[in-house]
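Okay, data.json is below, JSON, C-alpha atoms:
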[["chain", "number", "residue", "atom", "x", "y", "z"],
["A", 1, "MET", "CA", 105.39, 143.24, -30.44],
["A", 2, "ARG", "CA", 105.74, 143.13, -26.67],
["A", 3, "LYS", "CA", 103.76, 145.48, -24.49],
["A", 4, "LYS", "CA", 105.57, 148.34, -22.77],
["A", 5, "VAL", "CA", 104.93, 149.79, -19.33],
["A", 6, "THR", "CA", 106.68, 152.91, -18.12],
["A", 7, "VAL", "CA", 106.93, 153.48, -14.37],
["A", 8, "VAL", "CA", 107.70, 157.09, -13.45],
["A", 9, "GLY", "CA", 109.46, 157.22, -10.10],
["A", 10, "SER", "CA", 111.86, 154.60, -8.76],
["A", 11, "GLY", "CA", 110.98, 154.81, -5.07],
["A", 12, "TYR", "CA", 109.53, 151.91, -3.09],
["A", 13, "VAL", "CA", 106.20, 152.00, -4.95],
["A", 14, "GLY", "CA", 107.76, 152.33, -8.41],
["A", 15, "GLU", "CA", 110.21, 149.54, -7.67],
["A", 16, "HIS", "CA", 107.41, 147.17, -6.61],
["A", 17, "VAL", "CA", 105.25, 148.10, -9.60],
["A", 18, "ALA", "CA", 108.14, 147.38, -11.95],
["A", 19, "MET", "CA", 108.77, 144.01, -10.32],
["A", 20, "GLY", "CA", 105.10, 143.06, -10.31],
["A", 21, "VAL", "CA", 104.68, 143.87, -14.00],
["A", 22, "ALA", "CA", 107.84, 142.05, -15.01],
["A", 23, "ARG", "CA", 107.31, 138.97, -12.85],
["A", 24, "ALA", "CA", 103.80, 138.52, -14.24],
["A", 25, "GLU", "CA", 105.28, 139.02, -17.73],
["A", 26, "LEU", "CA", 102.67, 141.66, -18.51],
["A", 27, "ALA", "CA", 105.15, 143.81, -20.43],
["A", 28, "ASP", "CA", 108.71, 145.06, -20.68],
["A", 29, "VAL", "CA", 109.33, 147.84, -18.17],
["A", 30, "VAL", "CA", 110.99, 151.24, -18.39],
["A", 31, "LEU", "CA", 111.77, 152.69, -14.94],
["A", 32, "ILE", "CA", 112.52, 156.42, -15.06],
["A", 33, "ASP", "CA", 113.42, 158.96, -12.37],
["A", 34, "ILE", "CA", 115.28, 162.25, -11.92],
["A", 35, "LEU", "CA", 117.66, 160.57, -9.46],
["A", 36, "GLU", "CA", 121.05, 159.80, -10.91],
["A", 37, "GLY", "CA", 121.87, 156.10, -11.02],
["A", 38, "VAL", "CA", 118.94, 154.95, -8.86],
["A", 39, "PRO", "CA", 116.54, 153.72, -11.58],
["A", 40, "GLN", "CA", 119.42, 152.08, -13.44],
["A", 41, "GLY", "CA", 120.59, 150.23, -10.34],
["A", 42, "LYS", "CA", 117.14, 149.12, -9.25],
["A", 43, "ALA", "CA", 116.15, 148.01, -12.73],
["A", 44, "LEU", "CA", 119.35, 145.98, -13.07],
["A", 45, "ASP", "CA", 118.85, 144.34, -9.67],
["A", 46, "LEU", "CA", 115.27, 143.41, -10.54],
["A", 47, "TYR", "CA", 116.18, 142.09, -13.97],
["A", 48, "GLU", "CA", 119.00, 139.98, -12.55],
["A", 49, "SER", "CA", 116.40, 138.11, -10.49],
["A", 50, "SER", "CA", 114.68, 136.90, -13.69],
["A", 51, "PRO", "CA", 116.78, 133.72, -14.12],
["A", 52, "VAL", "CA", 115.85, 132.64, -10.59],
["A", 53, "LEU", "CA", 112.20, 133.72, -10.60],
["A", 54, "GLY", "CA", 111.63, 132.61, -14.18],
["A", 55, "PHE", "CA", 110.27, 135.68, -15.94],
["A", 56, "ASP", "CA", 111.32, 136.94, -19.36],
["A", 57, "SER", "CA", 110.29, 140.60, -19.26],
["A", 58, "ARG", "CA", 113.01, 143.22, -19.60],
["A", 59, "ILE", "CA", 113.47, 145.98, -17.01],
["A", 60, "VAL", "CA", 115.61, 148.99, -17.93],
["A", 61, "GLY", "CA", 116.17, 152.13, -15.87],
["A", 62, "TYR", "CA", 116.94, 155.70, -16.95],
["A", 63, "THR", "CA", 117.64, 159.04, -15.33],
["A", 64, "TYR", "CA", 115.51, 161.79, -16.81],
["A", 65, "GLY", "CA", 117.20, 165.08, -17.64],
["A", 66, "GLU", "CA", 118.86, 166.92, -20.46],
["A", 67, "PRO", "CA", 120.21, 164.33, -22.93],
["A", 68, "ALA", "CA", 123.99, 164.07, -23.07],
["A", 69, "ALA", "CA", 123.96, 164.97, -26.76],
["A", 70, "ALA", "CA", 121.26, 166.29, -29.03],
["A", 71, "GLY", "CA", 119.76, 163.53, -31.13],
["A", 72, "GLU", "CA", 121.67, 160.85, -29.25],
["A", 73, "LYS", "CA", 120.12, 157.41, -29.68],
["A", 74, "THR", "CA", 119.71, 155.26, -26.59],
["A", 75, "ASP", "CA", 119.76, 151.48, -26.79],
["A", 76, "PRO", "CA", 116.42, 150.46, -25.21],
["A", 77, "ASN", "CA", 117.93, 147.17, -24.05],
["A", 78, "LEU", "CA", 120.76, 148.70, -22.03],
["A", 79, "PRO", "CA", 120.81, 151.01, -19.01],
["A", 80, "ALA", "CA", 122.02, 154.50, -19.86],
["A", 81, "LEU", "CA", 124.05, 156.27, -17.20],
["A", 82, "ALA", "CA", 123.78, 159.70, -18.83],
["A", 83, "PRO", "CA", 120.46, 161.60, -18.49],
["A", 84, "VAL", "CA", 117.93, 160.92, -21.23],
["A", 85, "SER", "CA", 114.66, 162.46, -22.39],
["A", 86, "TYR", "CA", 111.23, 160.87, -22.20],
["A", 87, "GLU", "CA", 111.88, 159.56, -25.70],
["A", 88, "VAL", "CA", 112.85, 156.26, -24.07],
["A", 89, "THR", "CA", 109.24, 155.90, -22.90],
["A", 90, "ARG", "CA", 107.75, 156.41, -26.37],
["A", 91, "ASP", "CA", 104.71, 154.32, -27.30],
["A", 92, "SER", "CA", 104.15, 152.96, -23.82],
["A", 93, "ASP", "CA", 100.90, 151.00, -23.50],
["A", 94, "VAL", "CA", 100.59, 151.92, -19.82],
["A", 95, "VAL", "CA", 102.29, 154.64, -17.77],
["A", 96, "VAL", "CA", 102.24, 154.39, -13.97],
["A", 97, "ILE", "CA", 102.97, 157.70, -12.23],
["A", 98, "THR", "CA", 104.43, 157.19, -8.75],
["A", 99, "ALA", "CA", 106.65, 160.30, -8.75],
["A", 100, "GLY", "CA", 106.28, 162.95, -6.08],
["A", 101, "LEU", "CA", 107.17, 163.85, -2.53],
["A", 102, "ALA", "CA", 106.31, 161.28, 0.13],
["A", 103, "ARG", "CA", 104.37, 162.18, 3.25],
["A", 104, "LYS", "CA", 106.36, 162.89, 6.39],
["A", 105, "PRO", "CA", 105.06, 162.39, 9.94],
["A", 106, "GLY", "CA", 102.24, 164.81, 10.69],
["A", 107, "MET", "CA", 101.55, 165.61, 7.04],
["A", 108, "SER", "CA", 98.24, 164.95, 5.34],
["A", 109, "ARG", "CA", 98.01, 164.01, 1.70],
["A", 110, "ASP", "CA", 96.70, 167.50, 0.98],
["A", 111, "ASP", "CA", 99.94, 169.01, 2.31],
["A", 112, "LEU", "CA", 101.65, 167.56, -0.76],
["A", 113, "LEU", "CA", 99.24, 169.22, -3.16],
["A", 114, "MET", "CA", 101.17, 172.11, -4.72],
["A", 115, "LYS", "CA", 104.57, 170.47, -5.11],
["A", 116, "ASN", "CA", 103.26, 167.15, -6.37],
["A", 117, "ALA", "CA", 100.85, 168.87, -8.74],
["A", 118, "GLU", "CA", 103.85, 170.54, -10.37],
["A", 119, "ILE", "CA", 105.69, 167.22, -10.65],
["A", 120, "VAL", "CA", 102.69, 165.34, -12.03],
["A", 121, "ARG", "CA", 101.87, 168.15, -14.45],
["A", 122, "ASN", "CA", 105.35, 167.93, -15.97],
["A", 123, "VAL", "CA", 105.16, 164.14, -16.21],
["A", 124, "ALA", "CA", 101.71, 164.28, -17.81],
["A", 125, "LYS", "CA", 102.97, 166.64, -20.52],
["A", 126, "GLU", "CA", 105.71, 164.18, -21.43],
["A", 127, "VAL", "CA", 103.30, 161.24, -21.41],
["A", 128, "ALA", "CA", 100.90, 163.01, -23.75],
["A", 129, "LYS", "CA", 103.75, 163.89, -26.09],
["A", 130, "HIS", "CA", 105.46, 160.50, -26.28],
["A", 131, "SER", "CA", 102.66, 158.00, -25.54],
["A", 132, "PRO", "CA", 99.41, 159.57, -26.75],
["A", 133, "ASN", "CA", 97.55, 156.24, -26.72],
["A", 134, "ALA", "CA", 98.62, 155.14, -23.24],
["A", 135, "ILE", "CA", 96.49, 154.31, -20.26],
["A", 136, "VAL", "CA", 97.76, 156.27, -17.25],
["A", 137, "ILE", "CA", 97.58, 154.88, -13.71],
["A", 138, "VAL", "CA", 98.17, 157.54, -11.06],
["A", 139, "VAL", "CA", 99.61, 156.67, -7.64],
["A", 140, "SER", "CA", 101.00, 160.05, -6.53],
["A", 141, "ASN", "CA", 99.28, 161.84, -3.64],
["A", 142, "PRO", "CA", 96.91, 163.52, -3.09],
["A", 143, "LEU", "CA", 95.60, 160.87, -5.44],
["A", 144, "ASP", "CA", 92.23, 162.25, -6.53],
["A", 145, "VAL", "CA", 93.61, 165.68, -7.36],
["A", 146, "MET", "CA", 96.61, 164.20, -9.18],
["A", 147, "CYS", "CA", 94.22, 162.19, -11.37],
["A", 148, "TRP", "CA", 92.41, 165.42, -12.24],
["A", 149, "VAL", "CA", 95.70, 167.19, -13.04],
["A", 150, "THR", "CA", 96.78, 164.31, -15.28],
["A", 151, "TRP", "CA", 93.43, 164.29, -17.09],
["A", 152, "LYS", "CA", 93.48, 168.05, -17.71],
["A", 153, "VAL", "CA", 97.10, 168.17, -18.86],
["A", 154, "THR", "CA", 97.03, 165.12, -21.14],
["A", 155, "GLY", "CA", 93.61, 165.76, -22.61],
["A", 156, "PHE", "CA", 93.11, 161.98, -22.63],
["A", 157, "PRO", "CA", 89.61, 160.49, -22.37],
["A", 158, "LYS", "CA", 88.66, 160.08, -18.72],
["A", 159, "ASN", "CA", 88.52, 156.29, -19.01],
["A", 160, "ARG", "CA", 92.28, 156.27, -19.71],
["A", 161, "ILE", "CA", 93.18, 158.05, -16.45],
["A", 162, "ILE", "CA", 92.93, 155.68, -13.50],
["A", 163, "GLY", "CA", 93.66, 156.22, -9.81],
["A", 164, "MET", "CA", 94.63, 153.14, -7.82],
["A", 165, "ALA", "CA", 93.11, 154.37, -4.54],
["A", 166, "GLY", "CA", 89.77, 152.54, -4.62],
["A", 167, "VAL", "CA", 91.27, 149.09, -4.90],
["A", 168, "LEU", "CA", 94.00, 149.97, -2.38],
["A", 169, "ASP", "CA", 91.58, 151.18, 0.32],
["A", 170, "SER", "CA", 89.23, 148.24, -0.21],
["A", 171, "ALA", "CA", 92.19, 145.84, -0.04],
["A", 172, "ARG", "CA", 93.35, 147.41, 3.22],
["A", 173, "PHE", "CA", 89.87, 147.06, 4.71],
["A", 174, "ARG", "CA", 89.73, 143.41, 3.62],
["A", 175, "ALA", "CA", 93.13, 142.78, 5.19],
["A", 176, "PHE", "CA", 91.98, 144.28, 8.52],
["A", 177, "ILE", "CA", 88.79, 142.18, 8.45],
["A", 178, "SER", "CA", 90.86, 139.06, 7.82],
["A", 179, "MET", "CA", 93.19, 139.88, 10.70],
["A", 180, "GLU", "CA", 90.36, 140.69, 13.09],
["A", 181, "LEU", "CA", 88.34, 137.55, 12.39],
["A", 182, "GLY", "CA", 91.24, 135.18, 11.79],
["A", 183, "VAL", "CA", 89.90, 134.12, 8.40],
["A", 184, "SER", "CA", 91.43, 133.85, 4.95],
["A", 185, "VAL", "CA", 91.59, 137.17, 3.13],
["A", 186, "GLU", "CA", 90.20, 135.31, 0.12],
["A", 187, "SER", "CA", 86.87, 134.91, 1.93],
["A", 188, "THR", "CA", 86.51, 138.64, 2.60],
["A", 189, "SER", "CA", 85.12, 141.49, 0.53],
["A", 190, "ALA", "CA", 84.92, 145.19, 1.36],
["A", 191, "PHE", "CA", 83.49, 148.38, -0.02],
["A", 192, "VAL", "CA", 85.07, 151.82, 0.38],
["A", 193, "LEU", "CA", 83.80, 155.02, -1.23],
["A", 194, "GLY", "CA", 85.14, 158.54, -1.59],
["A", 195, "GLY", "CA", 88.53, 160.14, -1.89],
["A", 196, "HIS", "CA", 91.81, 158.51, -0.97],
["A", 197, "GLY", "CA", 92.40, 160.20, 2.38],
["A", 198, "ASP", "CA", 90.46, 161.40, 5.40],
["A", 199, "SER", "CA", 87.25, 161.73, 3.38],
["A", 200, "MET", "CA", 87.04, 158.05, 2.45],
["A", 201, "VAL", "CA", 83.95, 156.18, 3.65],
["A", 202, "PRO", "CA", 84.16, 152.45, 4.45],
["A", 203, "LEU", "CA", 80.77, 150.69, 4.33],
["A", 204, "PRO", "CA", 80.77, 147.91, 6.96],
["A", 205, "ARG", "CA", 77.23, 146.77, 6.09],
["A", 206, "TYR", "CA", 78.45, 145.95, 2.59],
["A", 207, "SER", "CA", 81.69, 144.33, 3.72],
["A", 208, "TYR", "CA", 81.69, 140.59, 4.22],
["A", 209, "ALA", "CA", 83.51, 137.57, 5.58],
["A", 210, "GLY", "CA", 82.32, 134.27, 4.18],
["A", 211, "GLY", "CA", 79.32, 136.06, 2.68],
["A", 212, "ILE", "CA", 78.18, 137.38, 6.08],
["A", 213, "PRO", "CA", 78.17, 141.14, 6.73],
["A", 214, "ILE", "CA", 80.80, 142.05, 9.32],
["A", 215, "THR", "CA", 78.09, 143.95, 11.20],
["A", 216, "GLU", "CA", 76.76, 140.51, 12.16],
["A", 217, "LEU", "CA", 80.17, 139.17, 13.13],
["A", 218, "LEU", "CA", 81.83, 141.98, 15.08],
["A", 219, "PRO", "CA", 80.73, 144.36, 17.84],
["A", 220, "PRO", "CA", 80.39, 148.07, 16.94],
["A", 221, "ASP", "CA", 83.56, 149.10, 18.79],
["A", 222, "ARG", "CA", 85.72, 146.68, 16.79],
["A", 223, "ILE", "CA", 84.14, 147.76, 13.52],
["A", 224, "ALA", "CA", 84.84, 151.38, 14.44],
["A", 225, "ALA", "CA", 88.47, 150.47, 15.12],
["A", 226, "LEU", "CA", 88.80, 148.80, 11.69],
["A", 227, "VAL", "CA", 87.22, 151.82, 10.02],
["A", 228, "GLN", "CA", 89.61, 154.16, 11.81]]
Show me the file's structure as C-alpha cells.
Amino acid sequence: MRKKVTVVGSGYVGEHVAMGVARAELADVVLIDILEGVPQGKALDLYESSPVLGFDSRIVGYTYGEPAAAGEKTDPNLPALAPVSYEVTRDSDVVVITAGLARKPGMSRDDLLMKNAEIVRNVAKEVAKHSPNAIVIVVSNPLDVMCWVTWKVTGFPKNRIIGMAGVLDSARFRAFISMELGVSVESTSAFVLGGHGDSMVPLPRYSYAGGIPITELLPPDRIAALVQ
C-alpha cells in the first residue's frame, strides 16, 4: 500500500511541499484547503507535470467544508469540486500543516498567534480524528507555539509532532555563508538554536566552510551581518 501525505493549506508553501513529496515519490498527496477550487487546480497542475518530470505519485486537491451530501463517498483518485470533510485525509502517514495567515509587512510572527492558533487547533482536531497514527510536521507561524498547540490538541507523543524551523534556519545560515564566501553550499554547515523568530541564536563558532569555523574566515562585522 502506498504511503499517504496530507498537506493542509494550498498556499506557496503547501504547493511546494506537495510537489516535493510527489516528485521524490515519497507518497501520494492530498492537498486540502478552505479555498474553493484552489487546491483542486494546483493539485491538477502539479500532477499534470508528472509525465514530463517522471514521477508516479498522485496529487489530488480538495476544498474543506460541509460535505455536499451526508455520507457522500468521494473518489480519492479524482478532484472533488464540492466541499468535503477531512475524511479524504484518513490514514495519512504524514500530515504537513501549512495553513494560517501569512505575515504582512511590519508584523512579527507573534502577531499571528491568536488567529493561527485557532486555525491550527481546528486542523489538529481533524488530524487526531482521521489519522491517529500520523506524524505531524508543523510549518504555520509562530512555529514553536503552533507545535505546542498541535501536541496538546492531538495528544500525540511528542516525537510525532515536528516543527520544520530548525532545519530551515540552519539552511538559511548555510546559504548566507555560501554566498558570502563564494563556496559551494555543500561544503558549509551551520548551527542555529532557539525559537523560529527573533529569539533564534546562530552560533558562528560552530558554523563551518570546508571544515573551518567561519570565525576564522570572516571579519566580525561580516559575521554580524550574516547573523542579522
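CA of Val139 in chain A is positioned 27.8 Å from CA of Glu180 in chain A.
For the atom pair formed by CA of Pro157 in chain A and CA of Leu113 in chain A, the distance is 23.2 Å, given to one decimal.
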Give the padded box for range 151-160 of chain A as lines of an AutoDock Vina configuration file: axis-aligned, covering all atoms listed in the file, 4 Å on each side, centre and edge lengths in Å to one decimal.
center_x = 92.8
center_y = 162.2
center_z = -19.9
size_x = 16.6
size_y = 19.9
size_z = 13.5
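With only C-alpha atoms as the atoms that count, the residue of A:Gln228, A:Thr188, A:Thr98, A:Ser57 with the shortest distance to Gly163 in chain A is A:Thr98.
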> Do you know which residues are at most 8 Å from Phe191 in chain A counting all atoms listed in the file, after dropping those on the same chain fewer than 6 positions away, and could you put them as a count of residues only?
Replying inline: 6
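Distances from A:Ala128, A:Ile177, A:Leu101, A:Val29 to Thr150 in chain A were compared using only C-alpha atoms, and the smallest one belongs to A:Ala128.
Coordinates place CA of Ala24 in chain A at a distance of 17.3 Å from CA of Leu44 in chain A.
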